[in-house]
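Engineer: Structure below; questions to follow.
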Amino acid sequence: MANRWGMTIPLSGVPLADHAAVYQALGDAGFTDLWSSEVAGTDAFTPLALASAWAPRLRLGTAVAPVYTRGPGLLAMTAAALAEAAPGRFQLGIGASSPVVVGDWNAIPFESPYARCRDMLRFLRAALNGELVDKSYETFQIRRFRLERPPADPPALLLAALRPGMLRLAAAEADGVILNWLAASDVPTALAETTRARPDFEVAARIFVCPTDDTAYARTIGRRLITAYLTVPAYAAFHRWLGRTDILTPMWEAWAAGNRKGALAAIPDDLVDALVVHGTPESCRDQVEAYAAAGITVPVMALLPTPELDAGGAPALTKLLTALGR
């Protein structure tokens, strides 16, 4: 069993102002970690800032803060502030994000993602340790930057990684890695690229969880997510590397032709079942444990909407979190 047990926040359908009760329920259920994301919902830090005060027993992490959308100094200041607010409980997960998030939505060129992640790791390591940074990196230049309030306990730095190059970078220069969109059976393939990591190297993974007995509903949601994510070039390349070219080519071809219904129909049930956890809450918990058994040290559930939650409201959510916890 994993020593840590995480949930992605904020939860869908619950206003941020009402998350104090959510955090309490998660802690009572045995969850140890709250991890935020940053795509087009909340930013990565505001839900964690609230949790730093509302959930003092839980660990906090970003999965992930993009390395392009904040300047290096601002990202260091934001991370330092949260580390000060939640001493010893915060981990900073960074990643390249995607051309859509970075370029289309934030009007920033998505260039040299490997080098940008490497440079940001190196800058953040120095800056969060309170060092004066005056250096030219490959992808940006910093002139005489020093944090006014460096955290007494600098946060661990984790890197989101998919393929060998980024996985090896995480092993060499980060304190951990963040995985996403893989089956439990894929974990050993990814971790084979991190064999040179330090002994306390963290391995976090976001795992999509749809706790419902309605298999058809869960697979419908899963197919929509798969077409949304696995058509992104980085995720497509990731799954080619994992050996799914033959399985996913019909979906990619239909998607490229503008045939959205055909793309959904081309995704086999067993792929949905491998990539999206679904079933009873108890079954979902067991499936997440399979990721831990494969080498994930911080499994992080990403809770998907279900008919049961829609019908049951807050009491159903509390009951569900209890069942998914430990």
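To be explicit about the labels: the chains of the structure tokens are called A, B, and onward in the order shown, and within each one the residues are counted from 1, while ligands get numbers from 1 in the order they are shown.
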Write out as a VMD selection string which residues come within 6 Å of region 199-209 of chain A when counting only C-alpha atoms, dropping same-chain ones fewer than 3 positions away.

Structural biologist: chain A and resid 175 to 180 276 to 278 296 to 304

Engineer: Residues of region 94-167 of chain A in strand (DSSP E or B) according to DSSP, as a list in words?

Structural biologist: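 Secondary structure check on region 94-167 of chain A, strand (DSSP E or B): Ile94, Gly95, Val133, Asp134, Lys135, Ser136, Gln141, Ile142, Arg143, Arg144, Phe145, Ala156, Leu157, Leu158, Leu159 and Ala160 of chain A.
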
Engineer: Next, dump the selected residues to file, keeping only C-alpha atoms, as a short mmCIF file (atom, residue, chain, number, x, y, z; two decimals), in the first residue's frame.

Structural biologist:
data_model
loop_
_atom_site.label_atom_id
_atom_site.label_comp_id
_atom_site.auth_asym_id
_atom_site.auth_seq_id
_atom_site.Cartn_x
_atom_site.Cartn_y
_atom_site.Cartn_z
CA ILE A 94 6.66 21.96 -12.93
CA GLY A 95 6.26 20.90 -16.54
CA VAL A 133 21.18 34.18 -9.38
CA ASP A 134 23.06 36.07 -12.09
CA LYS A 135 23.29 33.73 -15.02
CA SER A 136 22.57 33.18 -18.69
CA GLN A 141 18.72 35.21 -18.75
CA ILE A 142 18.56 36.24 -15.09
CA ARG A 143 20.30 39.34 -13.75
CA ARG A 144 20.98 39.58 -10.00
CA PHE A 145 17.82 37.98 -8.65
CA ALA A 156 11.08 19.63 -3.34
CA LEU A 157 11.09 20.08 -7.11
CA LEU A 158 9.26 17.55 -9.27
CA LEU A 159 9.23 17.46 -13.06
CA ALA A 160 6.36 16.26 -15.23
#

Engineer: For region 254-271 of chain A, please output as a VMD selection string all residues within 8 Å (counting only C-alpha atoms; exclusion window: fewer than 5 positions along the same chain).

Structural biologist: chain A and resid 219 223 to 224 227 231 247 to 248

Engineer: What does the distance between CA of Val39 (chain A) and CA of Pro66 (chain A) come to in Å, to one decimal place?

Structural biologist: 9.1 Å

Engineer: Using DSSP assignments from the backbone, pull out every residue in region 103-293 of chain A that falls under helix (DSSP H, G or I) and give it to me as a ChimeraX atom specification.

Structural biologist: /A:103-104,113-128,164-173,184-194,215-229,233-241,245-256,260-265,269-275,281-293

Engineer: Counting only C-alpha atoms, which of A:Val100, A:Ala25, A:Leu48, A:Ala171 gets nearest to Ala192 (chain A)?

Structural biologist: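 Of all the options, A:Ala171 lies closest to Ala192 (chain A).
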
Engineer: Write out as a ChimeraX atom specification which residues come within 9 Å of region 316-323 of chain A when counting only C-alpha atoms, dropping same-chain ones fewer than 3 positions away.

Structural biologist: /A:22,25-26,28-31,211,281-282,285,308-313,326

Engineer: Pick out the closest residue to Pro72 (chain A) from this set: A:Ser52, A:Ser36, A:Ser112, A:Thr139. Count only C-alpha atoms.

Structural biologist: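 Ranked by minimum distance to Pro72 (chain A), first place goes to A:Thr139.
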
Engineer: Considering only C-alpha atoms, state which residue in the set A:Pro113, A:Gly73, A:Gly88, A:Pro47 is at the smallest distance from Ala152 (chain A).

Structural biologist: A:Gly88

Engineer: Do a neighbour search on Leu230 (chain A) at 8 Å with only C-alpha atoms, toss out local chain neighbours closer than 5 positions, and write the hits as an mmCIF file with N, CA and C atoms, in the first residue's frame.

Structural biologist:
data_model
loop_
_atom_site.group_PDB
_atom_site.id
_atom_site.type_symbol
_atom_site.label_atom_id
_atom_site.label_comp_id
_atom_site.auth_asym_id
_atom_site.auth_seq_id
_atom_site.Cartn_x
_atom_site.Cartn_y
_atom_site.Cartn_z
ATOM 1 N N TYR A 235 1.479 13.679 -25.899
ATOM 2 C CA TYR A 235 0.853 12.466 -25.381
ATOM 3 C C TYR A 235 0.763 11.387 -26.456
ATOM 4 N N ALA A 236 0.550 11.799 -27.698
ATOM 5 C CA ALA A 236 0.556 10.818 -28.787
ATOM 6 C C ALA A 236 1.920 10.140 -28.885
ATOM 7 N N HIS A 239 2.432 7.605 -26.063
ATOM 8 C CA HIS A 239 1.774 6.316 -26.225
ATOM 9 C C HIS A 239 2.348 5.518 -27.394
#

Engineer: Identify which of the residues A:Ala115, A:Trp54, A:Thr306, A:Trp105 lies closest to Thr215 (chain A), counting only C-alpha atoms when measuring atom-to-atom distances.

Structural biologist: A:Thr306

Engineer: Got a sec: who's within 10 Å of region 75-82 of chain A, counting only C-alpha atoms, leaving out chain neighbours fewer than 4 positions off, as an MDAnalysis selection string?

Structural biologist: chainID A and resid 45:46 48:49 52 60:62 65:71 86:87 89:94 120 123:130 146:155
